[in-house]
Amino acid sequence: MTSMRALRQDSANGPEDLHLVTDAPVPAAGPGEILLKVTAAGVNFADVMQTRGTYEDGPEAPYVAGFEAAGEVVAVGEGVTAPAVGDHVVGTGNGAFAEYMVMPASGAVAVPEGWSDEQAIGLILNWVTALAALKLGRLAAGETVLVQAAAGGVGQAAVRLAKHYGATVVGTASPGKHDVVRRLGADRVLGYGADPGTVDLVLESVGGAAFATSLAAAKRVTGRVVVYGVAGGEVAITNRDLNFRRQIHVIGLHLGVLIEHAPAIFAELMDELRALIAAGVCVPGTPTVYDLTDGPKALAELEARATSGKLVLRP
């Protein structure tokens, strides 16, 4: 097979210019890479940002969209000893919204036993991001955590994990999603802009107007804010703010950078994730599944905040 179906982004005008093509070339696995037959591709807000050209160092159109997928390994590149052909893995790489994609072998994680590929989507980008945010934020039992966008993929994982580690959890979400967040175990659920009170740790992925709420909520001197997303727009905090107005700890997190520059920390996170799976804390996902042809619709609905939880495209 030399060509495949894929979703190609043709401009920086947003999801409306994401189109299905049938003649995209099947990529080849290079050194250290694996070729995956994609069975499930994860949809993330970063995909929306990329369609609008606002994602830092994102691809330039035209490009095959998507960067998170699960599926079967069908070929391996030079130097790859694991995973092996026939294994089912989940990981990240360019061009996930397609029938085939390549990804680095070192970042591919086995789909847990008893899980489907669709259920494993989000295992790395959502669960590990949430776990990293809590660990970098130095969460301790008995503390209070504010999870912004608690109904999203990372947010839902963060609520579950924070409760597991003994925290009181305050989540924010759109009004129609409050019940979802409560069922995950959140102690309080608020709308965006509501006063959450004072908290020990904030997991901040919204940006925009919500960023001021996040900064104001963190306890002075000991409060921490972990920033891992800018879905609602870019905002700034200055050295004057930190010196005179908000004496808090602000911590940046990007999972791809963490994997590249702190592989030992990533390995520790993966060890902990495996233990959380074995303990039944990290459970198989129940994503909303769209056909690959409906990818533009999925991204548009995500951008409009009309979805909750994980979204998956099925090639």
# chains A, B, ... in the order shown; residues from 1 in each chain; ligands from 1
>>> select_by_dssp(residues="region 71-204 of chain A", states="strand (DSSP E or B)", output="ChimeraX atom specification")
/A:71-76,88-92,98,100-104,109-110,144-147,152,168-172,188-190,199,201-204
>>> closest_atom_pairs(of="region 63-150 of chain A", to="region 283-293 of chain A", cutoff="10 Å", atoms="only C-alpha atoms", output="JSON lines")
{"residue": "A:Phe97", "atom": "CA", "partner": "A:Leu292", "partner_atom": "CA", "distance": 7.2}
{"residue": "A:Ala98", "atom": "CA", "partner": "A:Leu292", "partner_atom": "CA", "distance": 7.8}
{"residue": "A:Glu99", "atom": "CA", "partner": "A:Leu292", "partner_atom": "CA", "distance": 9.3}
{"residue": "A:Pro112", "atom": "CA", "partner": "A:Pro284", "partner_atom": "CA", "distance": 8.9}
{"residue": "A:Gly114", "atom": "CA", "partner": "A:Pro284", "partner_atom": "CA", "distance": 9.0}
{"residue": "A:Trp115", "atom": "CA", "partner": "A:Pro284", "partner_atom": "CA", "distance": 6.3}
{"residue": "A:Ser116", "atom": "CA", "partner": "A:Pro284", "partner_atom": "CA", "distance": 8.2}
{"residue": "A:Asp117", "atom": "CA", "partner": "A:Pro284", "partner_atom": "CA", "distance": 9.7}
{"residue": "A:Glu118", "atom": "CA", "partner": "A:Pro287", "partner_atom": "CA", "distance": 7.2}
{"residue": "A:Gln119", "atom": "CA", "partner": "A:Gly285", "partner_atom": "CA", "distance": 4.4}
{"residue": "A:Ala120", "atom": "CA", "partner": "A:Pro284", "partner_atom": "CA", "distance": 6.4}
{"residue": "A:Ile121", "atom": "CA", "partner": "A:Gly285", "partner_atom": "CA", "distance": 7.3}
{"residue": "A:Gly122", "atom": "CA", "partner": "A:Gly285", "partner_atom": "CA", "distance": 7.8}
{"residue": "A:Leu123", "atom": "CA", "partner": "A:Gly285", "partner_atom": "CA", "distance": 8.5}
>>> write_last_selection(atoms="N, CA, C and O atoms", output="PDB file, in the first residue's frame")
ATOM      1  N   PHE A  97      -3.919  11.722  12.061  1.00  0.00           N
ATOM      2  CA  PHE A  97      -5.252  11.621  11.471  1.00  0.00           C
ATOM      3  C   PHE A  97      -5.144  10.961  10.096  1.00  0.00           C
ATOM      4  O   PHE A  97      -5.390  11.568   9.048  1.00  0.00           O
ATOM      5  N   ALA A  98      -4.799   9.687  10.098  1.00  0.00           N
ATOM      6  CA  ALA A  98      -4.532   8.956   8.869  1.00  0.00           C
ATOM      7  C   ALA A  98      -4.598   7.464   9.148  1.00  0.00           C
ATOM      8  O   ALA A  98      -4.695   7.032  10.302  1.00  0.00           O
ATOM      9  N   GLU A  99      -4.523   6.679   8.075  1.00  0.00           N
ATOM     10  CA  GLU A  99      -4.544   5.229   8.252  1.00  0.00           C
ATOM     11  C   GLU A  99      -3.218   4.687   8.773  1.00  0.00           C
ATOM     12  O   GLU A  99      -3.189   3.648   9.440  1.00  0.00           O
ATOM     13  N   PRO A 112      -2.529  -1.250  27.547  1.00  0.00           N
ATOM     14  CA  PRO A 112      -2.660  -2.173  28.689  1.00  0.00           C
ATOM     15  C   PRO A 112      -3.507  -3.398  28.351  1.00  0.00           C
ATOM     16  O   PRO A 112      -4.452  -3.315  27.557  1.00  0.00           O
ATOM     17  N   GLY A 114      -6.229  -6.000  28.176  1.00  0.00           N
ATOM     18  CA  GLY A 114      -7.662  -5.896  28.405  1.00  0.00           C
ATOM     19  C   GLY A 114      -8.275  -4.596  27.937  1.00  0.00           C
ATOM     20  O   GLY A 114      -9.496  -4.441  27.992  1.00  0.00           O
ATOM     21  N   TRP A 115      -7.437  -3.653  27.480  1.00  0.00           N
ATOM     22  CA  TRP A 115      -7.934  -2.376  26.970  1.00  0.00           C
ATOM     23  C   TRP A 115      -7.978  -2.425  25.454  1.00  0.00           C
ATOM     24  O   TRP A 115      -7.118  -3.025  24.811  1.00  0.00           O
ATOM     25  N   SER A 116      -8.956  -1.748  24.863  1.00  0.00           N
ATOM     26  CA  SER A 116      -8.956  -1.559  23.424  1.00  0.00           C
ATOM     27  C   SER A 116      -8.054  -0.383  23.080  1.00  0.00           C
ATOM     28  O   SER A 116      -7.698   0.426  23.943  1.00  0.00           O
ATOM     29  N   ASP A 117      -7.695  -0.276  21.808  1.00  0.00           N
ATOM     30  CA  ASP A 117      -6.873   0.860  21.384  1.00  0.00           C
ATOM     31  C   ASP A 117      -7.601   2.180  21.650  1.00  0.00           C
ATOM     32  O   ASP A 117      -6.990   3.159  22.082  1.00  0.00           O
ATOM     33  N   GLU A 118      -8.909   2.209  21.394  1.00  0.00           N
ATOM     34  CA  GLU A 118      -9.670   3.440  21.631  1.00  0.00           C
ATOM     35  C   GLU A 118      -9.675   3.818  23.106  1.00  0.00           C
ATOM     36  O   GLU A 118      -9.585   5.005  23.461  1.00  0.00           O
ATOM     37  N   GLN A 119      -9.753   2.824  23.986  1.00  0.00           N
ATOM     38  CA  GLN A 119      -9.750   3.107  25.420  1.00  0.00           C
ATOM     39  C   GLN A 119      -8.390   3.621  25.902  1.00  0.00           C
ATOM     40  O   GLN A 119      -8.310   4.311  26.916  1.00  0.00           O
ATOM     41  N   ALA A 120      -7.332   3.291  25.159  1.00  0.00           N
ATOM     42  CA  ALA A 120      -5.980   3.681  25.573  1.00  0.00           C
ATOM     43  C   ALA A 120      -5.601   5.081  25.103  1.00  0.00           C
ATOM     44  O   ALA A 120      -4.608   5.647  25.578  1.00  0.00           O
ATOM     45  N   ILE A 121      -6.374   5.652  24.176  1.00  0.00           N
ATOM     46  CA  ILE A 121      -6.092   7.019  23.734  1.00  0.00           C
ATOM     47  C   ILE A 121      -6.189   7.949  24.938  1.00  0.00           C
ATOM     48  O   ILE A 121      -7.132   7.872  25.720  1.00  0.00           O
ATOM     49  N   GLY A 122      -5.229   8.822  25.086  1.00  0.00           N
ATOM     50  CA  GLY A 122      -5.197   9.714  26.237  1.00  0.00           C
ATOM     51  C   GLY A 122      -4.309   9.218  27.352  1.00  0.00           C
ATOM     52  O   GLY A 122      -4.011   9.959  28.296  1.00  0.00           O
ATOM     53  N   LEU A 123      -3.850   7.969  27.257  1.00  0.00           N
ATOM     54  CA  LEU A 123      -3.022   7.411  28.320  1.00  0.00           C
ATOM     55  C   LEU A 123      -1.755   8.237  28.524  1.00  0.00           C
ATOM     56  O   LEU A 123      -1.344   8.499  29.665  1.00  0.00           O
TER      57      LEU A 123
END
>>> residues_around(residues="Ala298 (chain A)", least_positions_apart="5", cutoff="9 Å", atoms="only C-alpha atoms", output="number ranges by chain")
A: 15, 43, 290, 303, 307, 311-313
>>> write_last_selection(atoms="N, CA, C and O atoms", output="PDB file, in the first residue's frame")
ATOM      1  N   PRO A  15     -10.550  24.543  11.507  1.00  0.00           N
ATOM      2  CA  PRO A  15     -11.000  23.201  11.127  1.00  0.00           C
ATOM      3  C   PRO A  15     -11.780  23.141   9.822  1.00  0.00           C
ATOM      4  O   PRO A  15     -11.857  22.066   9.216  1.00  0.00           O
ATOM      5  N   VAL A  43      -7.992  13.433  19.563  1.00  0.00           N
ATOM      6  CA  VAL A  43      -8.190  14.837  19.198  1.00  0.00           C
ATOM      7  C   VAL A  43      -7.895  15.687  20.418  1.00  0.00           C
ATOM      8  O   VAL A  43      -8.435  15.438  21.510  1.00  0.00           O
ATOM      9  N   TYR A 290     -15.566   9.524  16.566  1.00  0.00           N
ATOM     10  CA  TYR A 290     -16.012  10.059  15.279  1.00  0.00           C
ATOM     11  C   TYR A 290     -15.312   9.287  14.168  1.00  0.00           C
ATOM     12  O   TYR A 290     -14.181   8.822  14.336  1.00  0.00           O
ATOM     13  N   GLU A 303     -13.457  23.104  19.745  1.00  0.00           N
ATOM     14  CA  GLU A 303     -13.150  24.530  19.804  1.00  0.00           C
ATOM     15  C   GLU A 303     -14.310  25.311  20.413  1.00  0.00           C
ATOM     16  O   GLU A 303     -14.092  26.290  21.152  1.00  0.00           O
ATOM     17  N   THR A 307     -17.924  19.748  23.856  1.00  0.00           N
ATOM     18  CA  THR A 307     -17.605  18.352  24.132  1.00  0.00           C
ATOM     19  C   THR A 307     -17.085  18.219  25.561  1.00  0.00           C
ATOM     20  O   THR A 307     -16.737  19.206  26.210  1.00  0.00           O
ATOM     21  N   LEU A 311     -11.913  12.793  22.801  1.00  0.00           N
ATOM     22  CA  LEU A 311     -12.471  12.608  21.470  1.00  0.00           C
ATOM     23  C   LEU A 311     -11.502  11.765  20.642  1.00  0.00           C
ATOM     24  O   LEU A 311     -10.289  11.959  20.702  1.00  0.00           O
ATOM     25  N   VAL A 312     -12.051  10.852  19.860  1.00  0.00           N
ATOM     26  CA  VAL A 312     -11.234   9.929  19.066  1.00  0.00           C
ATOM     27  C   VAL A 312     -11.757   9.894  17.640  1.00  0.00           C
ATOM     28  O   VAL A 312     -12.973   9.884  17.408  1.00  0.00           O
ATOM     29  N   LEU A 313     -10.826   9.867  16.684  1.00  0.00           N
ATOM     30  CA  LEU A 313     -11.163   9.628  15.289  1.00  0.00           C
ATOM     31  C   LEU A 313     -10.816   8.185  14.939  1.00  0.00           C
ATOM     32  O   LEU A 313      -9.751   7.695  15.301  1.00  0.00           O
TER      33      LEU A 313
END
>>> atom_distance(atom1="CA of Pro83 (chain A)", atom2="CA of His254 (chain A)")
24.8 Å
>>> closest_atom_pairs(of="region 175-200 of chain A", to="region 142-146 of chain A", cutoff="10 Å", atoms="only C-alpha atoms", output="CSV")
residue,atom,partner,partner_atom,distance
A:Ala186,CA,A:Leu146,CA,9.8
A:Asp187,CA,A:Thr144,CA,9.8
A:Arg188,CA,A:Leu146,CA,9.5
A:Val189,CA,A:Leu146,CA,9.7
A:Pro196,CA,A:Leu146,CA,7.5
A:Gly197,CA,A:Leu146,CA,9.4
A:Thr198,CA,A:Thr144,CA,8.3
A:Val199,CA,A:Thr144,CA,5.1
A:Asp200,CA,A:Thr144,CA,5.4
>>> residues_around(residues="region 166-182 of chain A", least_positions_apart="3", cutoff="12 Å", atoms="only C-alpha atoms", output="PyMOL selection string")
chain A and resi 134+138-153+155-163+185-206+210+213-214+217+304-309
>>> residues_around(residues="region 244-251 of chain A", least_positions_apart="6", cutoff="7 Å", atoms="only C-alpha atoms", output="list of chain:residue names")
A:Ala218, A:Arg220, A:Val221, A:Thr222, A:Gly223, A:Arg224, A:Val225, A:Val226, A:Val227
>>> decode(residues="region 155-168 of chain A", atoms="all heavy atoms", output="compact mmCIF listing (two decimals), in the first residue's frame")
# COMPACT_ATOMS: atom_id res chain seq x y z
N GLY A 155 -8.20 17.35 32.33
CA GLY A 155 -8.91 17.73 33.54
C GLY A 155 -9.56 16.56 34.25
O GLY A 155 -9.47 16.43 35.48
N GLN A 156 -10.20 15.68 33.48
CA GLN A 156 -10.84 14.52 34.11
C GLN A 156 -9.81 13.62 34.77
O GLN A 156 -10.03 13.13 35.89
CB GLN A 156 -11.64 13.74 33.06
CG GLN A 156 -12.89 14.47 32.58
CD GLN A 156 -13.87 13.55 31.86
OE1 GLN A 156 -13.82 12.33 32.00
NE2 GLN A 156 -14.78 14.14 31.10
N ALA A 157 -8.69 13.39 34.10
CA ALA A 157 -7.63 12.57 34.71
C ALA A 157 -7.10 13.25 35.97
O ALA A 157 -6.84 12.58 36.98
CB ALA A 157 -6.51 12.35 33.70
N ALA A 158 -6.94 14.58 35.93
CA ALA A 158 -6.40 15.31 37.07
C ALA A 158 -7.33 15.22 38.28
O ALA A 158 -6.87 15.08 39.42
CB ALA A 158 -6.15 16.76 36.69
N VAL A 159 -8.64 15.31 38.05
CA VAL A 159 -9.59 15.20 39.16
C VAL A 159 -9.46 13.84 39.82
O VAL A 159 -9.37 13.71 41.05
CB VAL A 159 -11.03 15.44 38.68
CG1 VAL A 159 -12.03 15.11 39.79
CG2 VAL A 159 -11.21 16.88 38.23
N ARG A 160 -9.45 12.78 39.01
CA ARG A 160 -9.34 11.42 39.56
C ARG A 160 -8.04 11.25 40.34
O ARG A 160 -8.02 10.70 41.46
CB ARG A 160 -9.38 10.38 38.43
CG ARG A 160 -10.75 10.18 37.79
CD ARG A 160 -10.63 9.10 36.72
NE ARG A 160 -11.88 8.84 36.03
CZ ARG A 160 -12.80 7.97 36.44
NH1 ARG A 160 -12.61 7.29 37.56
NH2 ARG A 160 -13.90 7.77 35.73
N LEU A 161 -6.94 11.71 39.76
CA LEU A 161 -5.64 11.52 40.40
C LEU A 161 -5.53 12.34 41.68
O LEU A 161 -5.02 11.85 42.70
CB LEU A 161 -4.52 11.90 39.43
CG LEU A 161 -4.31 10.95 38.26
CD1 LEU A 161 -3.29 11.53 37.28
CD2 LEU A 161 -3.82 9.58 38.75
N ALA A 162 -5.97 13.59 41.64
CA ALA A 162 -5.87 14.44 42.83
C ALA A 162 -6.66 13.85 43.99
O ALA A 162 -6.21 13.86 45.15
CB ALA A 162 -6.35 15.85 42.50
N LYS A 163 -7.85 13.31 43.70
CA LYS A 163 -8.62 12.66 44.76
C LYS A 163 -7.89 11.43 45.29
O LYS A 163 -7.86 11.18 46.49
CB LYS A 163 -10.01 12.27 44.23
CG LYS A 163 -10.94 13.44 43.98
CD LYS A 163 -11.18 14.27 45.24
CE LYS A 163 -11.91 13.48 46.32
NZ LYS A 163 -12.14 14.31 47.53
N HIS A 164 -7.28 10.67 44.38
CA HIS A 164 -6.52 9.48 44.79
C HIS A 164 -5.39 9.85 45.74
O HIS A 164 -5.11 9.11 46.70
CB HIS A 164 -5.97 8.77 43.56
CG HIS A 164 -5.03 7.65 43.87
ND1 HIS A 164 -5.44 6.46 44.44
CD2 HIS A 164 -3.67 7.54 43.72
CE1 HIS A 164 -4.39 5.67 44.61
NE2 HIS A 164 -3.32 6.30 44.19
N TYR A 165 -4.76 10.99 45.50
CA TYR A 165 -3.63 11.40 46.33
C TYR A 165 -4.07 12.19 47.56
O TYR A 165 -3.23 12.74 48.27
CB TYR A 165 -2.64 12.22 45.50
CG TYR A 165 -1.93 11.40 44.45
CD1 TYR A 165 -2.01 11.75 43.10
CD2 TYR A 165 -1.19 10.28 44.79
CE1 TYR A 165 -1.37 10.99 42.14
CE2 TYR A 165 -0.55 9.52 43.82
CZ TYR A 165 -0.65 9.88 42.50
OH TYR A 165 -0.02 9.13 41.54
N GLY A 166 -5.36 12.23 47.83
CA GLY A 166 -5.84 12.79 49.09
C GLY A 166 -6.13 14.27 49.09
O GLY A 166 -6.17 14.89 50.17
N ALA A 167 -6.36 14.86 47.93
CA ALA A 167 -6.63 16.29 47.85
C ALA A 167 -8.12 16.58 47.88
O ALA A 167 -8.95 15.73 47.54
CB ALA A 167 -6.02 16.87 46.58
N THR A 168 -8.45 17.81 48.26
CA THR A 168 -9.78 18.36 48.03
C THR A 168 -9.74 19.02 46.66
O THR A 168 -8.82 19.79 46.36
CB THR A 168 -10.13 19.41 49.10
OG1 THR A 168 -10.19 18.77 50.37
CG2 THR A 168 -11.46 20.08 48.80
